[in-house]
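**Q** Just so it is clear, I am handing over model16.cif, which has mmCIF, C-alpha atoms.
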```
data_query
#
loop_
_atom_site.group_PDB
_atom_site.id
_atom_site.type_symbol
_atom_site.label_atom_id
_atom_site.label_comp_id
_atom_site.auth_asym_id
_atom_site.auth_seq_id
_atom_site.Cartn_x
_atom_site.Cartn_y
_atom_site.Cartn_z
ATOM 1 C CA MET A 1414 51.152 243.492 131.962
ATOM 2 C CA LEU A 1415 49.480 241.666 129.072
ATOM 3 C CA LEU A 1416 48.612 238.710 131.286
ATOM 4 C CA ARG A 1417 47.248 241.067 133.948
ATOM 5 C CA ARG A 1418 44.969 242.668 131.355
ATOM 6 C CA TYR A 1419 43.821 239.239 130.176
ATOM 7 C CA LEU A 1420 42.952 238.178 133.698
ATOM 8 C CA LEU A 1421 41.204 241.472 134.416
ATOM 9 C CA SER A 1422 39.134 241.048 131.296
ATOM 10 C CA ILE A 1423 38.189 237.504 132.270
ATOM 11 C CA PHE A 1424 37.159 238.622 135.743
ATOM 12 C CA VAL A 1425 35.018 241.414 134.317
ATOM 13 C CA VAL A 1426 33.184 239.129 131.898
ATOM 14 C CA LEU A 1427 32.686 236.317 134.381
ATOM 15 C CA GLY A 1428 31.156 238.727 136.846
ATOM 16 C CA ILE A 1429 33.725 238.289 139.558
ATOM 17 C CA PHE A 1430 33.770 242.066 139.970
ATOM 18 C CA SER A 1431 30.003 242.257 140.251
ATOM 19 C CA PHE A 1432 29.689 245.091 142.727
ATOM 20 C CA SER A 1433 28.495 248.500 141.483
ATOM 21 C CA PRO A 1434 30.336 251.399 143.125
ATOM 22 C CA PRO A 1435 28.364 254.619 143.486
ATOM 23 C CA LEU A 1436 28.898 256.964 140.570
ATOM 24 C CA LYS A 1437 30.532 260.293 141.282
ATOM 25 C CA ALA A 1438 30.656 263.146 138.836
ATOM 26 C CA GLN A 1439 34.309 263.821 139.504
ATOM 27 C CA ALA A 1440 35.404 260.164 139.209
ATOM 28 C CA LEU A 1441 36.518 258.484 135.997
ATOM 29 C CA LEU A 1442 34.739 255.235 135.096
ATOM 30 C CA PRO A 1443 37.138 252.276 134.806
ATOM 31 C CA TYR A 1444 37.961 251.253 131.254
ATOM 32 C CA THR A 1445 36.294 247.985 130.278
ATOM 33 C CA PRO A 1446 37.511 246.528 126.995
ATOM 34 C CA GLU A 1447 35.010 245.036 124.574
ATOM 35 C CA LEU A 1448 35.622 241.318 124.373
ATOM 36 C CA ASN A 1449 34.494 238.938 121.683
ATOM 37 C CA GLN A 1450 34.655 235.170 121.242
ATOM 38 C CA ASP A 1451 37.948 235.424 119.365
ATOM 39 C CA PHE A 1452 39.543 236.682 122.577
ATOM 40 C CA PHE A 1453 38.264 233.702 124.565
ATOM 41 C CA ASP A 1454 39.305 231.285 121.841
ATOM 42 C CA GLU A 1455 42.816 232.709 121.807
ATOM 43 C CA TYR A 1456 43.134 232.566 125.571
ATOM 44 C CA GLY A 1457 41.638 229.076 125.599
ATOM 45 C CA SER A 1458 44.211 227.944 123.038
ATOM 46 C CA GLN A 1459 46.996 229.198 125.288
ATOM 47 C CA LEU A 1460 45.516 227.277 128.201
ATOM 48 C CA LEU A 1461 45.465 224.115 126.111
ATOM 49 C CA GLN A 1462 49.112 224.573 125.213
ATOM 50 C CA ASP A 1463 49.906 225.027 128.899
ATOM 51 C CA ALA A 1464 47.949 221.864 129.709
ATOM 52 C CA ILE A 1465 49.862 219.836 127.131
ATOM 53 C CA GLN A 1466 53.166 221.158 128.466
ATOM 54 C CA LEU A 1467 52.179 220.160 131.995
ATOM 55 C CA THR A 1468 51.519 216.572 130.919
ATOM 56 C CA ARG A 1469 55.154 216.280 129.919
ATOM 57 C CA PHE A 1470 55.992 216.812 133.578
ATOM 58 C CA ARG A 1471 53.181 214.432 134.639
ATOM 59 C CA GLU A 1472 51.300 217.302 136.288
ATOM 60 C CA TYR A 1473 47.965 215.864 135.208
ATOM 61 C CA GLU A 1474 45.772 217.587 137.781
ATOM 62 C CA LEU A 1475 47.101 221.016 136.850
ATOM 63 C CA ALA A 1476 46.739 220.156 133.181
ATOM 64 C CA VAL A 1477 43.135 219.057 133.675
ATOM 65 C CA ALA A 1478 42.307 222.303 135.495
ATOM 66 C CA ARG A 1479 43.555 224.367 132.559
ATOM 67 C CA ALA A 1480 41.727 222.214 130.050
ATOM 68 C CA ARG A 1481 38.482 222.617 131.994
ATOM 69 C CA LEU A 1482 38.866 226.395 131.923
ATOM 70 C CA ALA A 1483 39.571 226.244 128.189
ATOM 71 C CA VAL A 1484 36.302 224.352 127.743
ATOM 72 C CA GLN A 1485 34.437 227.065 129.640
ATOM 73 C CA LEU A 1486 35.969 229.753 127.437
ATOM 74 C CA SER A 1487 35.429 227.939 124.112
ATOM 75 C CA PRO A 1488 32.653 225.366 124.548
ATOM 76 C CA HIS A 1489 31.823 225.544 120.822
ATOM 77 C CA ARG A 1490 35.235 224.218 119.758
ATOM 78 C CA TYR A 1491 36.052 220.525 119.780
ATOM 79 C CA GLU A 1492 39.743 220.943 120.664
ATOM 80 C CA PRO A 1493 39.274 221.858 124.348
ATOM 81 C CA TRP A 1494 36.861 218.961 124.821
ATOM 82 C CA PHE A 1495 39.269 216.628 123.057
ATOM 83 C CA VAL A 1496 42.223 217.641 125.207
ATOM 84 C CA LEU A 1497 40.129 217.584 128.378
ATOM 85 C CA GLY A 1498 38.789 214.109 127.633
ATOM 86 C CA THR A 1499 42.236 212.748 126.899
ATOM 87 C CA LEU A 1500 43.648 214.241 130.095
ATOM 88 C CA GLU A 1501 40.753 212.961 132.205
ATOM 89 C CA ILE A 1502 41.434 209.461 130.884
ATOM 90 C CA GLN A 1503 45.135 209.792 131.709
ATOM 91 C CA ASN A 1504 44.158 210.992 135.165
ATOM 92 C CA ASN A 1505 41.965 207.891 135.550
ATOM 93 C CA ASN A 1506 38.725 209.888 135.539
ATOM 94 C CA LEU A 1507 37.255 207.524 132.972
ATOM 95 C CA ASP A 1508 33.585 208.524 133.003
ATOM 96 C CA ARG A 1509 34.365 212.239 132.761
ATOM 97 C CA GLY A 1510 36.870 211.528 130.030
ATOM 98 C CA VAL A 1511 34.313 209.637 127.970
ATOM 99 C CA GLU A 1512 31.760 212.427 128.399
ATOM 100 C CA ALA A 1513 34.220 215.072 127.225
ATOM 101 C CA LEU A 1514 35.255 213.007 124.219
ATOM 102 C CA GLN A 1515 31.632 212.370 123.330
ATOM 103 C CA GLU A 1516 31.115 216.144 123.237
ATOM 104 C CA ALA A 1517 34.229 216.525 121.083
ATOM 105 C CA LYS A 1518 32.778 213.955 118.689
ATOM 106 C CA ARG A 1519 29.455 215.818 118.573
ATOM 107 C CA LEU A 1520 31.271 219.005 117.616
ATOM 108 C CA ALA A 1521 33.655 217.324 115.166
ATOM 109 C CA PRO A 1522 32.260 213.957 113.993
ATOM 110 C CA ASP A 1523 34.799 213.711 111.169
ATOM 111 C CA GLN A 1524 37.936 214.097 113.273
ATOM 112 C CA ALA A 1525 39.684 210.731 113.263
ATOM 113 C CA ASP A 1526 41.820 211.524 116.333
ATOM 114 C CA VAL A 1527 38.701 212.189 118.381
ATOM 115 C CA LEU A 1528 37.193 208.865 117.328
ATOM 116 C CA PHE A 1529 40.407 206.996 118.098
ATOM 117 C CA SER A 1530 40.616 208.535 121.578
ATOM 118 C CA LEU A 1531 36.962 207.845 122.248
ATOM 119 C CA GLY A 1532 37.406 204.248 121.146
ATOM 120 C CA ASN A 1533 40.395 203.872 123.432
ATOM 121 C CA SER A 1534 38.445 205.342 126.352
ATOM 122 C CA TYR A 1535 35.575 202.929 125.760
ATOM 123 C CA PHE A 1536 38.120 200.098 125.862
ATOM 124 C CA GLN A 1537 39.377 201.263 129.237
ATOM 125 C CA ILE A 1538 35.882 201.224 130.758
ATOM 126 C CA GLY A 1539 35.241 197.764 129.315
ATOM 127 C CA ASP A 1540 32.790 198.739 126.560
ATOM 128 C CA TYR A 1541 34.543 196.792 123.818
ATOM 129 C CA GLU A 1542 31.705 196.908 121.290
ATOM 130 C CA SER A 1543 31.688 200.712 121.398
ATOM 131 C CA SER A 1544 35.466 200.694 121.232
ATOM 132 C CA VAL A 1545 35.382 198.717 117.998
ATOM 133 C CA ARG A 1546 32.705 200.987 116.538
ATOM 134 C CA GLU A 1547 34.567 204.223 117.207
ATOM 135 C CA ILE A 1548 38.000 202.985 116.136
ATOM 136 C CA GLU A 1549 36.647 201.521 112.912
ATOM 137 C CA ALA A 1550 34.888 204.824 112.196
ATOM 138 C CA GLY A 1551 38.184 206.633 112.749
ATOM 139 C CA LEU A 1552 40.060 204.260 110.450
ATOM 140 C CA LYS A 1553 37.613 205.041 107.652
ATOM 141 C CA LEU A 1554 38.835 208.629 107.907
ATOM 142 C CA ASN A 1555 42.510 207.819 108.438
ATOM 143 C CA ALA A 1556 43.704 204.302 107.699
ATOM 144 C CA GLU A 1557 47.402 204.996 108.220
ATOM 145 C CA ILE A 1558 47.632 204.772 112.016
ATOM 146 C CA PRO A 1559 49.230 201.489 113.196
ATOM 147 C CA GLN A 1560 48.458 202.212 116.862
ATOM 148 C CA SER A 1561 44.737 202.395 116.065
ATOM 149 C CA TYR A 1562 44.779 199.032 114.305
ATOM 150 C CA PHE A 1563 46.554 197.687 117.385
ATOM 151 C CA ASP A 1564 43.864 199.159 119.655
ATOM 152 C CA LEU A 1565 41.185 197.685 117.396
ATOM 153 C CA GLY A 1566 42.860 194.291 117.639
ATOM 154 C CA ASN A 1567 42.842 194.535 121.433
ATOM 155 C CA ALA A 1568 39.126 195.326 121.461
ATOM 156 C CA TYR A 1569 38.371 192.380 119.184
ATOM 157 C CA TYR A 1570 40.562 190.186 121.368
ATOM 158 C CA ARG A 1571 38.551 191.156 124.459
ATOM 159 C CA LEU A 1572 35.413 190.203 122.554
ATOM 160 C CA SER A 1573 36.993 186.790 121.763
ATOM 161 C CA LYS A 1574 36.820 187.610 118.053
ATOM 162 C CA TYR A 1575 40.218 186.115 117.437
ATOM 163 C CA SER A 1576 40.290 186.183 113.634
ATOM 164 C CA GLU A 1577 39.375 189.868 113.572
ATOM 165 C CA ALA A 1578 41.949 190.582 116.262
ATOM 166 C CA ILE A 1579 44.772 188.919 114.341
ATOM 167 C CA ALA A 1580 43.747 190.675 111.114
ATOM 168 C CA SER A 1581 43.886 194.041 112.889
ATOM 169 C CA TYR A 1582 47.309 193.323 114.401
ATOM 170 C CA GLN A 1583 48.586 192.291 110.968
ATOM 171 C CA LYS A 1584 47.416 195.599 109.494
ATOM 172 C CA ALA A 1585 49.339 197.412 112.216
ATOM 173 C CA MET A 1586 52.443 195.399 111.341
ATOM 174 C CA LYS A 1587 52.008 196.117 107.638
ATOM 175 C CA LEU A 1588 52.120 199.835 108.360
ATOM 176 C CA GLU A 1589 54.948 199.497 110.875
ATOM 177 C CA PRO A 1590 56.916 196.246 110.478
ATOM 178 C CA LEU A 1591 58.922 196.858 113.674
ATOM 179 C CA PHE A 1592 55.785 197.250 115.802
ATOM 180 C CA TRP A 1593 56.615 194.346 118.102
ATOM 181 C CA PRO A 1594 53.570 194.708 120.441
ATOM 182 C CA ALA A 1595 51.291 193.704 117.553
ATOM 183 C CA ILE A 1596 53.357 190.564 116.922
ATOM 184 C CA ASN A 1597 53.406 189.861 120.656
ATOM 185 C CA ASN A 1598 49.622 190.102 120.889
ATOM 186 C CA ILE A 1599 49.152 187.780 117.947
ATOM 187 C CA GLY A 1600 50.990 185.278 120.143
ATOM 188 C CA LEU A 1601 48.555 185.978 122.991
ATOM 189 C CA VAL A 1602 45.617 185.233 120.706
ATOM 190 C CA GLU A 1603 47.229 182.092 119.319
ATOM 191 C CA TYR A 1604 47.870 180.761 122.809
ATOM 192 C CA GLU A 1605 44.202 181.166 123.723
ATOM 193 C CA GLN A 1606 43.359 179.261 120.530
ATOM 194 C CA GLY A 1607 45.516 176.379 121.719
ATOM 195 C CA LYS A 1608 48.206 177.045 119.104
ATOM 196 C CA ILE A 1609 51.109 177.040 121.511
ATOM 197 C CA ASN A 1610 53.889 176.439 118.984
ATOM 198 C CA GLN A 1611 52.592 179.222 116.747
ATOM 199 C CA ALA A 1612 52.399 181.527 119.749
ATOM 200 C CA VAL A 1613 56.010 180.801 120.648
ATOM 201 C CA GLU A 1614 57.019 181.531 117.061
ATOM 202 C CA SER A 1615 55.228 184.890 117.205
ATOM 203 C CA TRP A 1616 56.907 185.804 120.489
ATOM 204 C CA ARG A 1617 60.301 184.872 119.068
ATOM 205 C CA LYS A 1618 59.631 187.181 116.116
ATOM 206 C CA ALA A 1619 58.834 189.975 118.573
ATOM 207 C CA LEU A 1620 62.147 189.365 120.340
ATOM 208 C CA LYS A 1621 64.030 189.542 117.044
ATOM 209 C CA ILE A 1622 62.830 193.136 116.843
ATOM 210 C CA ASP A 1623 63.675 193.920 120.470
ATOM 211 C CA GLU A 1624 65.433 191.216 122.447
ATOM 212 C CA ASN A 1625 65.120 193.156 125.709
ATOM 213 C CA GLN A 1626 61.354 192.887 126.051
ATOM 214 C CA ALA A 1627 60.216 191.064 129.181
ATOM 215 C CA GLU A 1628 56.693 190.196 128.034
ATOM 216 C CA PRO A 1629 57.442 187.908 125.076
ATOM 217 C CA THR A 1630 60.377 186.451 127.014
ATOM 218 C CA LEU A 1631 58.140 185.446 129.914
ATOM 219 C CA ALA A 1632 55.419 184.188 127.580
ATOM 220 C CA ILE A 1633 57.897 181.868 125.869
ATOM 221 C CA ALA A 1634 59.081 180.710 129.287
ATOM 222 C CA VAL A 1635 55.531 179.769 130.276
ATOM 223 C CA ALA A 1636 54.943 177.888 127.029
ATOM 224 C CA LEU A 1637 58.184 175.936 127.337
ATOM 225 C CA TYR A 1638 57.491 175.133 130.971
ATOM 226 C CA VAL A 1639 54.084 173.576 130.329
ATOM 227 C CA GLN A 1640 55.518 171.672 127.356
ATOM 228 C CA GLY A 1641 57.920 169.912 129.697
ATOM 229 C CA LYS A 1642 61.015 172.022 129.037
ATOM 230 C CA GLN A 1643 61.039 173.171 132.614
ATOM 231 C CA GLU A 1644 64.686 174.163 133.103
ATOM 232 C CA GLU A 1645 64.724 176.270 129.951
ATOM 233 C CA GLY A 1646 61.404 177.821 130.956
ATOM 234 C CA ILE A 1647 62.668 178.661 134.444
ATOM 235 C CA GLN A 1648 65.825 180.301 133.116
ATOM 236 C CA LEU A 1649 63.856 182.420 130.662
ATOM 237 C CA ALA A 1650 61.362 183.391 133.354
ATOM 238 C CA GLN A 1651 64.170 184.516 135.639
ATOM 239 C CA THR A 1652 65.589 186.617 132.815
ATOM 240 C CA ALA A 1653 62.205 188.182 132.095
ATOM 241 C CA LEU A 1654 61.498 189.041 135.713
ATOM 242 C CA ARG A 1655 64.890 190.678 136.057
ATOM 243 C CA MET A 1656 64.120 192.776 132.974
ATOM 244 C CA ASP A 1657 60.838 194.010 134.418
ATOM 245 C CA ASN A 1658 59.543 192.865 137.806
ATOM 246 C CA ASN A 1659 56.036 194.061 137.001
ATOM 247 C CA TYR A 1660 55.541 190.842 135.063
ATOM 248 C CA GLY A 1661 55.814 188.932 138.313
ATOM 249 C CA ARG A 1662 52.331 190.177 139.251
ATOM 250 C CA MET A 1663 49.315 188.341 137.878
ATOM 251 C CA GLU A 1664 47.198 191.490 137.898
ATOM 252 C CA TYR A 1665 49.724 193.235 135.687
ATOM 253 C CA LEU A 1666 49.597 190.346 133.231
ATOM 254 C CA LYS A 1667 45.796 190.622 133.088
ATOM 255 C CA GLU A 1668 46.089 194.327 132.365
ATOM 256 C CA ASN A 1669 48.391 193.430 129.478
ATOM 257 C CA LEU A 1670 45.719 191.162 127.956
ATOM 258 C CA TRP A 1671 47.106 187.801 128.990
ATOM 259 C CA GLY A 1672 44.223 185.371 128.478
ATOM 260 C CA ASP A 1673 42.841 182.730 130.814
ATOM 261 C CA LYS A 1674 44.857 179.840 129.380
ATOM 262 C CA LEU A 1675 48.127 181.701 129.505
ATOM 263 C CA LEU A 1676 47.444 182.968 133.011
ATOM 264 C CA THR A 1677 46.613 179.458 134.226
ATOM 265 C CA ASP A 1678 49.893 178.145 132.859
ATOM 266 C CA THR A 1679 51.778 181.141 134.255
ATOM 267 C CA ARG A 1680 50.562 180.269 137.750
ATOM 268 C CA LYS A 1681 52.057 176.797 137.297
ATOM 269 C CA LEU A 1682 55.411 178.311 136.435
ATOM 270 C CA PHE A 1683 55.275 180.835 139.272
ATOM 271 C CA ALA A 1684 54.526 178.036 141.734
ATOM 272 C CA ASN A 1685 57.859 176.378 140.995
ATOM 273 C CA PRO A 1686 60.195 176.666 144.011
ATOM 274 C CA LYS A 1687 62.956 178.069 141.799
ATOM 275 C CA ILE A 1688 60.738 180.881 140.576
ATOM 276 C CA GLN A 1689 58.398 181.539 143.490
ATOM 277 C CA PRO A 1690 60.933 183.325 145.728
ATOM 278 C CA LEU A 1691 61.895 185.611 142.845
ATOM 279 C CA VAL A 1692 58.270 186.418 142.054
ATOM 280 C CA GLN A 1693 57.430 187.054 145.718
ATOM 281 C CA LYS A 1694 60.539 189.176 146.191
ATOM 282 C CA GLU A 1695 59.853 191.298 143.122
ATOM 283 C CA SER A 1696 56.177 191.721 143.999
ATOM 284 C CA THR A 1697 57.036 192.709 147.574
ATOM 285 C CA GLU A 1698 59.552 195.255 146.364
ATOM 286 C CA LYS A 1699 56.974 196.717 144.023
ATOM 287 C CA VAL A 1700 54.511 197.185 146.874
ATOM 288 C CA GLN A 1701 57.150 198.774 149.099
ATOM 289 C CA ASN A 1702 58.183 201.176 146.334
#
```
Using the file provided, produce a representation of the structure as structure tokens.
**A**
Amino acid sequence: MLLRRYLLSIFVVLGIFSFSPPLKAQALLPYTPELNQDFFDEYGSQLLQDAIQLTRFREYELAVARARLAVQLSPHRYEPWFVLGTLEIQNNNLDRGVEALQEAKRLAPDQADVLFSLGNSYFQIGDYESSVREIEAGLKLNAEIPQSYFDLGNAYYRLSKYSEAIASYQKAMKLEPLFWPAINNIGLVEYEQGKINQAVESWRKALKIDENQAEPTLAIAVALYVQGKQEEGIQLAQTALRMDNNYGRMEYLKENLWGDKLLTDTRKLFANPKIQPLVQKESTEKVQN
């Protein structure tokens, strides 16, 4: 009954029931409650909670629809815009996600989470300079988020600012010593700098934290292969591809920030007759799935 009254109230205010029935002396006028912004804010908050719950079941389109309605009900609050922008990004609506997050920033310029999300969204559309700017602004407000230092390192890496990238990854590791992706990406940077042995050392450190990670395993395999240790490289590559067959696709490696030098050497490894059938088989299976 409460929900029915909420919906009735919404319909009344939004003008869905816009017709005007003729007045009759003997008829009672329907009761119309007086609504204020607090009502809309409360209902909008419930919609946001519903949207967040839906994301846990990967129902992104339904979640986005609720977040959009929450924005309509409470356009003066940053939270609906923030949630909407984040969901639009997850739903691969990048431009709309950026626009929503920009509005959230306008309403709440000192909210670090908004700046971090906006920086991440800029990264996804390839605007790395803006990504750096927003993430750094967020870190001035909250410098205790290892993931944000990692994201900052990725943006610097895309800009070929290798020293800044490594420094950012190291800050992430300082806050969270077991954050193996930061160590892994230091290896990616080092490889592009021509420091192959240092890169291998970084990837081995990542595997000490989690030995079941395919990415550093395959990266080491590539490095060993081009250094002439072909049999060891092939065995490691086979192990990595069995861990996660996504790494048998070059496009997936690009998405995971593998640089030009590492990709070039990976193609050499994948061209080996002992590896090529495995790569082709895994890639084919991925397409069929």
**Q** For the provided coordinates, the residues matched by the PyMOL selection byres ((chain A and resi 1639-1652) around 10) should be stated as a ChimeraX atom specification.
**A** /A:1609-1610,1625,1627-1628,1630-1638,1653-1658,1660-1661,1678-1679,1681-1683,1685,1687-1688,1691-1692
**Q** Going by the chain IDs and residue numbers used in this file, which residues fall under the PyMOL selection byres ((chain A and resi 1461) around 9)? Write them as a list in words.
**A** Tyr1456, Gly1457, Ser1458, Gln1459, Leu1460, Gln1462, Asp1463, Ala1464, Ile1465, Gln1466, Ala1476, Arg1479, Ala1480, Ala1483, Glu1492, Pro1493, Val1496 and Leu1497 of chain A
**Q** What's the separation between atom CA of Arg1490 of chain A and atom CA of Leu1520 of chain A, in Å to one decimal place?
**A**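 Atom CA of Arg1490 of chain A sits 6.9 Å away from atom CA of Leu1520 of chain A.
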**Q** If you measure from atom CA of Glu1547 of chain A to atom CA of Tyr1562 of chain A, what distance in Å do you get, rounded to one decimal?
**A**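 Going from atom CA of Glu1547 of chain A over to atom CA of Tyr1562 of chain A covers 11.8 Å.
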**Q** Give me, please, the distance in Å between atom CA of Asp1540 of chain A and atom CA of Glu1516 of chain A, quoted to one decimal.
**A**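 Between these atoms lies a distance of 17.8 Å.
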**Q** Carefully work through the PyMOL selection byres ((chain A and resi 1563) around 8) for this structure and note down the residues it includes, as JSON, numbers by chain.
**A** {"A": [1559, 1560, 1561, 1562, 1564, 1565, 1566, 1567, 1581, 1582, 1585, 1595]}
**Q** Out of A:Glu1512, A:Ala1521, A:Ala1550, A:Arg1662, which residue has the shortest atom-to-atom distance to Tyr1535 of chain A when counting all atoms listed in the file?
**A**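 Closest to Tyr1535 of chain A, using all atoms listed in the file: A:Glu1512.
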**Q** Quick one: segment 1533-1549 of chain A with N, CA, C and O atoms, as a PDB file, keeping the file's coordinate frame?
**A**
```pdb
ATOM      1  N   ASN A1533      39.466 204.320 122.402  1.00  0.00           N
ATOM      2  CA  ASN A1533      40.395 203.872 123.432  1.00  0.00           C
ATOM      3  C   ASN A1533      39.804 204.030 124.821  1.00  0.00           C
ATOM      4  O   ASN A1533      39.986 203.177 125.700  1.00  0.00           O
ATOM      5  N   SER A1534      39.056 205.126 125.037  1.00  0.00           N
ATOM      6  CA  SER A1534      38.445 205.342 126.352  1.00  0.00           C
ATOM      7  C   SER A1534      37.350 204.320 126.623  1.00  0.00           C
ATOM      8  O   SER A1534      37.199 203.846 127.749  1.00  0.00           O
ATOM      9  N   TYR A1535      36.582 203.975 125.594  1.00  0.00           N
ATOM     10  CA  TYR A1535      35.575 202.929 125.760  1.00  0.00           C
ATOM     11  C   TYR A1535      36.241 201.600 126.136  1.00  0.00           C
ATOM     12  O   TYR A1535      35.717 200.841 126.966  1.00  0.00           O
ATOM     13  N   PHE A1536      37.391 201.329 125.529  1.00  0.00           N
ATOM     14  CA  PHE A1536      38.120 200.098 125.862  1.00  0.00           C
ATOM     15  C   PHE A1536      38.480 200.084 127.339  1.00  0.00           C
ATOM     16  O   PHE A1536      38.336 199.069 128.020  1.00  0.00           O
ATOM     17  N   GLN A1537      38.921 201.207 127.848  1.00  0.00           N
ATOM     18  CA  GLN A1537      39.377 201.263 129.237  1.00  0.00           C
ATOM     19  C   GLN A1537      38.243 201.103 130.240  1.00  0.00           C
ATOM     20  O   GLN A1537      38.480 200.665 131.372  1.00  0.00           O
ATOM     21  N   ILE A1538      37.009 201.442 129.841  1.00  0.00           N
ATOM     22  CA  ILE A1538      35.882 201.224 130.758  1.00  0.00           C
ATOM     23  C   ILE A1538      35.201 199.882 130.493  1.00  0.00           C
ATOM     24  O   ILE A1538      34.197 199.560 131.120  1.00  0.00           O
ATOM     25  N   GLY A1539      35.754 199.109 129.560  1.00  0.00           N
ATOM     26  CA  GLY A1539      35.241 197.764 129.315  1.00  0.00           C
ATOM     27  C   GLY A1539      34.109 197.676 128.317  1.00  0.00           C
ATOM     28  O   GLY A1539      33.493 196.621 128.172  1.00  0.00           O
ATOM     29  N   ASP A1540      33.831 198.749 127.592  1.00  0.00           N
ATOM     30  CA  ASP A1540      32.790 198.739 126.560  1.00  0.00           C
ATOM     31  C   ASP A1540      33.461 198.444 125.221  1.00  0.00           C
ATOM     32  O   ASP A1540      33.712 199.351 124.420  1.00  0.00           O
ATOM     33  N   TYR A1541      33.739 197.170 124.973  1.00  0.00           N
ATOM     34  CA  TYR A1541      34.543 196.792 123.818  1.00  0.00           C
ATOM     35  C   TYR A1541      33.788 196.930 122.499  1.00  0.00           C
ATOM     36  O   TYR A1541      34.394 197.235 121.466  1.00  0.00           O
ATOM     37  N   GLU A1542      32.495 196.733 122.510  1.00  0.00           N
ATOM     38  CA  GLU A1542      31.705 196.908 121.290  1.00  0.00           C
ATOM     39  C   GLU A1542      31.779 198.366 120.821  1.00  0.00           C
ATOM     40  O   GLU A1542      31.985 198.639 119.632  1.00  0.00           O
ATOM     41  N   SER A1543      31.598 199.295 121.753  1.00  0.00           N
ATOM     42  CA  SER A1543      31.688 200.712 121.398  1.00  0.00           C
ATOM     43  C   SER A1543      33.101 201.076 120.981  1.00  0.00           C
ATOM     44  O   SER A1543      33.305 201.914 120.086  1.00  0.00           O
ATOM     45  N   SER A1544      34.082 200.450 121.608  1.00  0.00           N
ATOM     46  CA  SER A1544      35.466 200.694 121.232  1.00  0.00           C
ATOM     47  C   SER A1544      35.708 200.321 119.774  1.00  0.00           C
ATOM     48  O   SER A1544      36.291 201.095 119.007  1.00  0.00           O
ATOM     49  N   VAL A1545      35.238 199.158 119.391  1.00  0.00           N
ATOM     50  CA  VAL A1545      35.382 198.717 117.998  1.00  0.00           C
ATOM     51  C   VAL A1545      34.684 199.694 117.057  1.00  0.00           C
ATOM     52  O   VAL A1545      35.243 200.095 116.026  1.00  0.00           O
ATOM     53  N   ARG A1546      33.476 200.099 117.409  1.00  0.00           N
ATOM     54  CA  ARG A1546      32.705 200.987 116.538  1.00  0.00           C
ATOM     55  C   ARG A1546      33.425 202.304 116.296  1.00  0.00           C
ATOM     56  O   ARG A1546      33.547 202.761 115.148  1.00  0.00           O
ATOM     57  N   GLU A1547      33.936 202.919 117.355  1.00  0.00           N
ATOM     58  CA  GLU A1547      34.567 204.223 117.207  1.00  0.00           C
ATOM     59  C   GLU A1547      35.903 204.129 116.480  1.00  0.00           C
ATOM     60  O   GLU A1547      36.219 204.974 115.628  1.00  0.00           O
ATOM     61  N   ILE A1548      36.699 203.122 116.792  1.00  0.00           N
ATOM     62  CA  ILE A1548      38.000 202.985 116.136  1.00  0.00           C
ATOM     63  C   ILE A1548      37.828 202.684 114.658  1.00  0.00           C
ATOM     64  O   ILE A1548      38.537 203.243 113.801  1.00  0.00           O
ATOM     65  N   GLU A1549      36.888 201.824 114.322  1.00  0.00           N
ATOM     66  CA  GLU A1549      36.647 201.521 112.912  1.00  0.00           C
ATOM     67  C   GLU A1549      36.172 202.771 112.169  1.00  0.00           C
ATOM     68  O   GLU A1549      36.565 202.996 111.017  1.00  0.00           O
TER      69      GLU A1549
END
```
